[in-house]
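S.K.: Structure below; questions to follow.
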Amino acid sequence: TVYDGTGDKPFVADIAIKGRKIEAIGELEEVSKQTINAEGKIVAPGFVDIHTHYDGQVTWDPYLRPSTYHGVTTVVMGNCGVGFSPCKPEERDWLISLMEGVEDIPGTALHEGINWQWESFPEYLDILENKPLAIDVGTQIPHGAVRAYVMGQRGINREEATQEEIDRMSQLVKEAIQAGAFGFSTSRTEKHRDSSGALTPSITAHKNELVSIANSIGELNSGVLQGISDFYDFESEFDIFKEMSQSSGRPISITVEQMDQRPDWWRQLLDGIEAAQNKGINMYGQVPPRATGINMGLEVTLNPFTFYPSFYDLSKKSLEEKVATMRDPKFKKKLLSEKPVSIGNPLVEEITQSFNKMFRLGDPANYEPDPDSSFKAIAKKQNISPQEVAYDCLLEKEGKALIYHPLFNYLPGNLDFVEKMLNHPYSISGLGDAGAHCGAISDASFPTTLIQHWGRDRTRGKKIPLEKLISMQTLETSRLLGISDRGVLKEGYKADINVIDFDNLTLHEPEVLHDLPAGGRRLVQKASGYEYTIVSGQIAFENGEATGALNGRLIRNQIS
């Protein structure tokens, strides 16, 4: 059953592949060298994930896990203003610190894994072009790296750029687009800090700097813009992004998430985007298909007792030692009698102490939990403290169980935020951050959630037609970036194809692996049901596991 990516109704057909492309679709009788029986399965284009952070991992890992466990055949990195090019040798450590702080990728892994063979962005692309890859990779040029390259420490310190420096940044970005970058990304959020806690260098960049850079891309009539902001002063912040798009004529996508502290600002942002579109300004909201969630546990960065005095020494021990100690009733009584020490970080304290938003994640993973299953609700039913519920949960699965905290896009009693975001006329599915947030978030699985949850499993609220969901992460994502050879199943198009056992598609609980360079830790989440993933005409993954085929490549933006 073919879901061709256009959003049209599915149909039953055979698909013939020759070389790297689709040769024919229909009722075919020709003899083939290899045949896949997809009867009873759905066949869809390979997924195009436009929001990843594989900028370092791509230099050492041809398989780009965990995205490739989820039917993804094209990734685009360089989002949120962070990346590793352009880069002078003396700035390498700082760029690693920025990536480690913003995207929670172990600095030790980046130091060990990256073999710096470039300085300019075109040189970075040339290095990637010679890397073996199982899937296709596209890039964007990040504002943070550009600022540091041109301004040095002044740029890192968020000082205002001179006109000469703005002109140089604009020229570098233009050269990157000409060399094959798909766009330019920037960050204006307090959530993004380097590993020392310093704010990202682009957060206070003047409007003139951003608009001038955007205009340099507009001169090429190619390339996209991507950004994130806290929007504390909504009108002035939104005006910057709107002017970037309007002045350059280039599309821009902006992160949209619901936050408890400002529960309705996401509506304001999407309303502003729609109003801009009505005036011919090409703006989009980049939205997630589920709550942006934090995974807590004994093996990852946070758990509800991270900042309790008795847990401090325990945190340095092995998992087995933690479990053995925590099973001691005396230790349990002592720990539960304590209060957490304040670290002066309201966001982290909210995550670790909001028991009304803590749930067992489970296997299969449940990302739209009922408020009645929160630790606070369970504690009330059992007449115990929420801390005791959390404590007992941490010891499940020999200490490997995960606690789920839906940080954004989840307000107990109202689970409709994401549905409204996904159905908005100017939203784009993204924000999975694949390759990043290794010790807390496991959202590279967004593509699976999008089709499994919204197309099959959702019980509280409306589902979304599967043909629309598939189009949202194939045709819509690829066309936003101007990638025109994929995203649909038609004759002459690139043969990137998923064969999916949709009835049995299952998203499993993430697991902690230490498989990054230098033994770096990360959360990896697998799915069952992706029977075959074909990349450029070759089977690259079978049941989610790599076949060894390396038919991917660096893809470059084509300037017309």
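By convention here, the chains of the structure tokens are called A, B, ... in the order presented, each chain's residues are numbered starting at 1, and ligands are numbered starting at 1 in the order presented.
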Counting only C-alpha atoms, which residues of region 188-307 of chain A sit at most 12 Å from some atom of region 106-117 of chain A, and what is each one's closest atom pair with its distance in Å to one decimal, listed by chain and rising residue number, as a tab-separated table?
M.R.:
```
residue	atom	partner	partner_atom	distance
A:Asp194	CA	A:Gly107	CA	10.8
A:Ser195	CA	A:Gly107	CA	8.8
A:Ser196	CA	A:Gly107	CA	11.9
A:Thr301	CA	A:Pro106	CA	11.3
```
S.K.: List the neighbours of Gly461 (chain A) out to 12 Å using only C-alpha atoms; skip same-chain residues closer than 6 positions along the sequence, and give me the result as a PyMOL selection string.
M.R.: chain A and resi 368+414-420+453-455
S.K.: Put those residues in a file: all heavy atoms, as a compact mmCIF listing (two decimals), in the first residue's frame.
M.R.:
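Heads up, here's the output in part-v9.txt:
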```txt
# COMPACT_ATOMS: atom_id res chain seq x y z
N GLU A 368 1.96 10.40 25.75
CA GLU A 368 0.79 11.22 26.06
C GLU A 368 0.12 10.62 27.29
O GLU A 368 -1.02 10.17 27.24
CB GLU A 368 -0.17 11.30 24.87
CG GLU A 368 -1.15 12.46 25.00
CD GLU A 368 -2.04 12.61 23.77
OE1 GLU A 368 -2.92 11.75 23.56
OE2 GLU A 368 -1.83 13.57 23.02
N ASN A 414 -5.02 19.24 29.69
CA ASN A 414 -5.18 19.76 28.33
C ASN A 414 -4.07 19.18 27.47
O ASN A 414 -2.91 19.59 27.57
CB ASN A 414 -5.12 21.29 28.34
CG ASN A 414 -5.45 21.88 26.96
OD1 ASN A 414 -5.41 21.20 25.96
ND2 ASN A 414 -5.79 23.16 26.94
N LEU A 415 -4.41 18.24 26.63
CA LEU A 415 -3.41 17.53 25.82
C LEU A 415 -3.54 17.87 24.33
O LEU A 415 -3.07 17.11 23.49
CB LEU A 415 -3.56 16.03 26.02
CG LEU A 415 -3.49 15.55 27.48
CD1 LEU A 415 -3.70 14.04 27.55
CD2 LEU A 415 -2.16 15.91 28.12
N ASP A 416 -4.16 19.00 24.03
CA ASP A 416 -4.47 19.29 22.63
C ASP A 416 -3.49 20.25 21.97
O ASP A 416 -3.67 20.61 20.80
CB ASP A 416 -5.88 19.88 22.52
CG ASP A 416 -6.95 18.89 22.95
OD1 ASP A 416 -6.70 17.68 22.77
OD2 ASP A 416 -8.00 19.32 23.45
N PHE A 417 -2.45 20.70 22.69
CA PHE A 417 -1.53 21.67 22.11
C PHE A 417 -0.91 21.16 20.81
O PHE A 417 -0.90 21.83 19.79
CB PHE A 417 -0.39 22.00 23.09
CG PHE A 417 -0.84 22.60 24.37
CD1 PHE A 417 -0.71 21.91 25.55
CD2 PHE A 417 -1.41 23.85 24.40
CE1 PHE A 417 -1.12 22.46 26.75
CE2 PHE A 417 -1.82 24.42 25.59
CZ PHE A 417 -1.69 23.72 26.77
N VAL A 418 -0.36 19.94 20.89
CA VAL A 418 0.39 19.42 19.75
C VAL A 418 -0.53 19.20 18.55
O VAL A 418 -0.14 19.47 17.41
CB VAL A 418 1.11 18.12 20.15
CG1 VAL A 418 1.88 17.56 18.95
CG2 VAL A 418 2.08 18.39 21.30
N GLU A 419 -1.73 18.73 18.79
CA GLU A 419 -2.68 18.53 17.69
C GLU A 419 -2.91 19.85 16.94
O GLU A 419 -2.88 19.89 15.71
CB GLU A 419 -4.00 18.00 18.22
CG GLU A 419 -5.08 17.80 17.15
CD GLU A 419 -6.42 17.44 17.73
OE1 GLU A 419 -6.47 16.93 18.87
OE2 GLU A 419 -7.43 17.69 17.05
N LYS A 420 -3.13 20.92 17.68
CA LYS A 420 -3.36 22.22 17.04
C LYS A 420 -2.12 22.70 16.31
O LYS A 420 -2.21 23.28 15.22
CB LYS A 420 -3.80 23.24 18.09
CG LYS A 420 -5.21 22.99 18.64
CD LYS A 420 -5.59 24.04 19.67
CE LYS A 420 -7.06 23.93 20.07
NZ LYS A 420 -7.38 22.66 20.72
N HIS A 453 1.64 7.39 16.65
CA HIS A 453 0.71 7.95 17.63
C HIS A 453 -0.45 8.66 16.94
O HIS A 453 -1.62 8.39 17.23
CB HIS A 453 1.45 8.91 18.56
CG HIS A 453 0.55 9.57 19.56
ND1 HIS A 453 0.01 8.88 20.63
CD2 HIS A 453 0.08 10.83 19.67
CE1 HIS A 453 -0.74 9.69 21.34
NE2 HIS A 453 -0.73 10.89 20.78
N TRP A 454 -0.11 9.57 16.02
CA TRP A 454 -1.16 10.40 15.42
C TRP A 454 -1.93 9.68 14.33
O TRP A 454 -3.07 10.03 14.03
CB TRP A 454 -0.55 11.70 14.89
CG TRP A 454 -0.06 12.55 16.00
CD1 TRP A 454 1.23 12.66 16.47
CD2 TRP A 454 -0.85 13.39 16.85
NE1 TRP A 454 1.29 13.50 17.55
CE2 TRP A 454 0.02 13.97 17.80
CE3 TRP A 454 -2.20 13.71 16.89
CZ2 TRP A 454 -0.42 14.86 18.77
CZ3 TRP A 454 -2.65 14.59 17.87
CH2 TRP A 454 -1.76 15.16 18.80
N GLY A 455 -1.33 8.66 13.73
CA GLY A 455 -2.01 7.94 12.66
C GLY A 455 -2.67 6.65 13.08
O GLY A 455 -3.48 6.09 12.34
```
S.K.: Please identify every residue of region 72-108 of chain A that has at least one atom no farther than 7 Å from an atom of region 143-164 of chain A, counting only C-alpha atoms, and for each give the shortest atom pair and the distance in Å to one decimal, arranged by chain then increasing number, as CSV.
M.R.:
```
residue,atom,partner,partner_atom,distance
A:Gly81,CA,A:His143,CA,4.6
A:Val82,CA,A:Gly144,CA,5.6
A:Gly83,CA,A:Ala145,CA,6.5
A:Phe84,CA,A:Ala145,CA,6.6
A:Ser85,CA,A:Ala145,CA,6.0
A:Pro86,CA,A:Ala145,CA,5.9
A:Cys87,CA,A:Tyr149,CA,6.0
A:Lys88,CA,A:Tyr149,CA,6.5
```
S.K.: Quick one: contact table of region 130-222 of chain A to region 471-488 of chain A, 8 Å max, nearest atom pair and distance in Å to one decimal per residue, counting only C-alpha atoms, chain and number order, as JSON lines?
M.R.:
```
{"residue": "A:Phe182", "atom": "CA", "partner": "A:Leu481", "partner_atom": "CA", "distance": 6.5}
{"residue": "A:Gly183", "atom": "CA", "partner": "A:Leu481", "partner_atom": "CA", "distance": 7.9}
{"residue": "A:Ser222", "atom": "CA", "partner": "A:Gly482", "partner_atom": "CA", "distance": 7.9}
```
S.K.: Output N, CA, C and O atoms for every residue in the selection just made, as a compact mmCIF listing (two decimals), in the first residue's frame.
M.R.:
```
# COMPACT_ATOMS: atom_id res chain seq x y z
N PHE A 182 22.38 24.62 3.08
CA PHE A 182 20.96 24.81 2.79
C PHE A 182 20.37 26.03 3.50
O PHE A 182 19.25 26.43 3.18
N GLY A 183 21.11 26.59 4.47
CA GLY A 183 20.55 27.73 5.16
C GLY A 183 21.45 28.25 6.25
O GLY A 183 22.61 27.84 6.40
N SER A 222 18.17 31.68 -2.80
CA SER A 222 18.27 30.27 -2.39
C SER A 222 18.64 30.23 -0.91
O SER A 222 19.23 31.18 -0.38
```
S.K.: Excluding region 2-17 of chain A and its own-chain neighbours fewer than 6 positions away, which residues fall within 9 Å of it when counting only C-alpha atoms? Please give them as an NGL selection string.
M.R.: :A and (23-28 or 30 or 32 or 38 or 41-45 or 465-476 or 487-491 or 495 or 537)
S.K.: Restricting the output to N, CA and C atoms, write the selected residues as a short mmCIF file (atom, residue, chain, number, x, y, z; two decimals), in the first residue's frame.
M.R.:
```
data_model
loop_
_atom_site.label_atom_id
_atom_site.label_comp_id
_atom_site.auth_asym_id
_atom_site.auth_seq_id
_atom_site.Cartn_x
_atom_site.Cartn_y
_atom_site.Cartn_z
N GLU A 23 12.04 3.69 -11.11
CA GLU A 23 11.90 3.49 -12.55
C GLU A 23 10.44 3.47 -12.97
N ALA A 24 9.60 2.82 -12.18
CA ALA A 24 8.19 2.69 -12.57
C ALA A 24 7.34 2.38 -11.34
N ILE A 25 6.07 2.77 -11.40
CA ILE A 25 5.09 2.47 -10.36
C ILE A 25 3.81 2.02 -11.04
N GLY A 26 3.27 0.89 -10.60
CA GLY A 26 2.04 0.38 -11.20
C GLY A 26 1.97 -1.12 -11.02
N GLU A 27 1.27 -1.78 -11.94
CA GLU A 27 1.20 -3.24 -11.93
C GLU A 27 2.29 -3.75 -12.86
N LEU A 28 3.39 -4.20 -12.28
CA LEU A 28 4.59 -4.49 -13.05
C LEU A 28 4.84 -5.99 -13.13
N GLU A 30 7.87 -7.09 -14.88
CA GLU A 30 9.27 -7.31 -15.22
C GLU A 30 9.99 -8.14 -14.15
N SER A 32 13.05 -8.88 -11.72
CA SER A 32 14.02 -8.04 -11.00
C SER A 32 15.10 -8.89 -10.38
N ALA A 38 5.97 -6.66 -0.11
CA ALA A 38 5.45 -5.67 0.83
C ALA A 38 3.94 -5.78 1.01
N LYS A 41 1.95 -4.36 4.05
CA LYS A 41 2.79 -3.32 4.62
C LYS A 41 2.47 -1.98 3.95
N ILE A 42 2.94 -0.89 4.57
CA ILE A 42 2.84 0.40 3.90
C ILE A 42 4.22 0.76 3.35
N VAL A 43 4.21 1.43 2.21
CA VAL A 43 5.44 1.85 1.56
C VAL A 43 5.40 3.36 1.42
N ALA A 44 6.43 4.03 1.93
CA ALA A 44 6.44 5.49 1.99
C ALA A 44 7.82 6.00 1.61
N PRO A 45 7.92 7.28 1.26
CA PRO A 45 9.25 7.85 1.02
C PRO A 45 10.09 7.81 2.29
N PRO A 465 -4.98 11.95 9.42
CA PRO A 465 -4.84 10.96 8.34
C PRO A 465 -3.38 10.61 8.07
N LEU A 466 -3.11 9.33 7.91
CA LEU A 466 -1.75 8.86 7.74
C LEU A 466 -1.09 9.47 6.51
N GLU A 467 -1.87 9.65 5.44
CA GLU A 467 -1.27 10.23 4.23
C GLU A 467 -0.76 11.64 4.48
N LYS A 468 -1.45 12.40 5.35
CA LYS A 468 -0.98 13.74 5.70
C LYS A 468 0.27 13.67 6.56
N LEU A 469 0.28 12.76 7.52
CA LEU A 469 1.42 12.63 8.42
C LEU A 469 2.69 12.28 7.66
N ILE A 470 2.58 11.37 6.71
CA ILE A 470 3.75 10.98 5.92
C ILE A 470 4.23 12.14 5.07
N SER A 471 3.30 12.88 4.47
CA SER A 471 3.68 14.05 3.68
C SER A 471 4.39 15.10 4.53
N MET A 472 3.97 15.20 5.81
CA MET A 472 4.55 16.22 6.69
C MET A 472 6.03 16.02 6.93
N GLN A 473 6.52 14.78 6.83
CA GLN A 473 7.95 14.58 7.07
C GLN A 473 8.68 13.99 5.85
N THR A 474 8.08 14.21 4.69
CA THR A 474 8.75 13.81 3.45
C THR A 474 8.71 14.99 2.46
N LEU A 475 7.55 15.19 1.85
CA LEU A 475 7.42 16.26 0.86
C LEU A 475 7.56 17.64 1.51
N GLU A 476 6.85 17.87 2.63
CA GLU A 476 6.84 19.21 3.22
C GLU A 476 8.22 19.62 3.74
N GLY A 487 11.24 12.86 -1.31
CA GLY A 487 10.05 13.24 -0.54
C GLY A 487 8.76 12.73 -1.14
N VAL A 488 8.80 12.21 -2.38
CA VAL A 488 7.63 11.61 -3.01
C VAL A 488 8.06 10.34 -3.73
N LEU A 489 7.10 9.44 -3.90
CA LEU A 489 7.35 8.22 -4.66
C LEU A 489 6.75 8.40 -6.05
N LYS A 490 7.58 8.77 -6.99
CA LYS A 490 7.18 8.96 -8.38
C LYS A 490 8.33 8.56 -9.29
N GLU A 491 7.99 8.23 -10.53
CA GLU A 491 9.02 7.87 -11.48
C GLU A 491 10.03 9.00 -11.63
N ALA A 495 15.27 7.01 -5.09
CA ALA A 495 14.68 5.81 -4.49
C ALA A 495 15.08 5.71 -3.02
N GLY A 537 18.29 3.44 -3.75
CA GLY A 537 18.14 2.19 -4.46
C GLY A 537 18.76 0.98 -3.81
#
```
S.K.: Write out as a ChimeraX atom specification the set of residues from region 162-265 of chain A that DSSP, computed on the backbone, places in strand (DSSP E or B).
M.R.: /A:183-188,193,199,224-229,252-255
S.K.: Tell me, as a PyMOL selection string, which residues lie within 7 Å of Ala390 (chain A), counting only C-alpha atoms; anything in the same chain fewer than 4 positions away does not count.
M.R.: chain A and resi 375+386+394
S.K.: Select, from A:Gln140, A:Asn303, A:Asn366, A:Thr292, the residue with the minimum atom-to-atom distance to Arg458 (chain A), counting only C-alpha atoms.
M.R.: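 Closest residue, counting only C-alpha atoms: A:Asn366.
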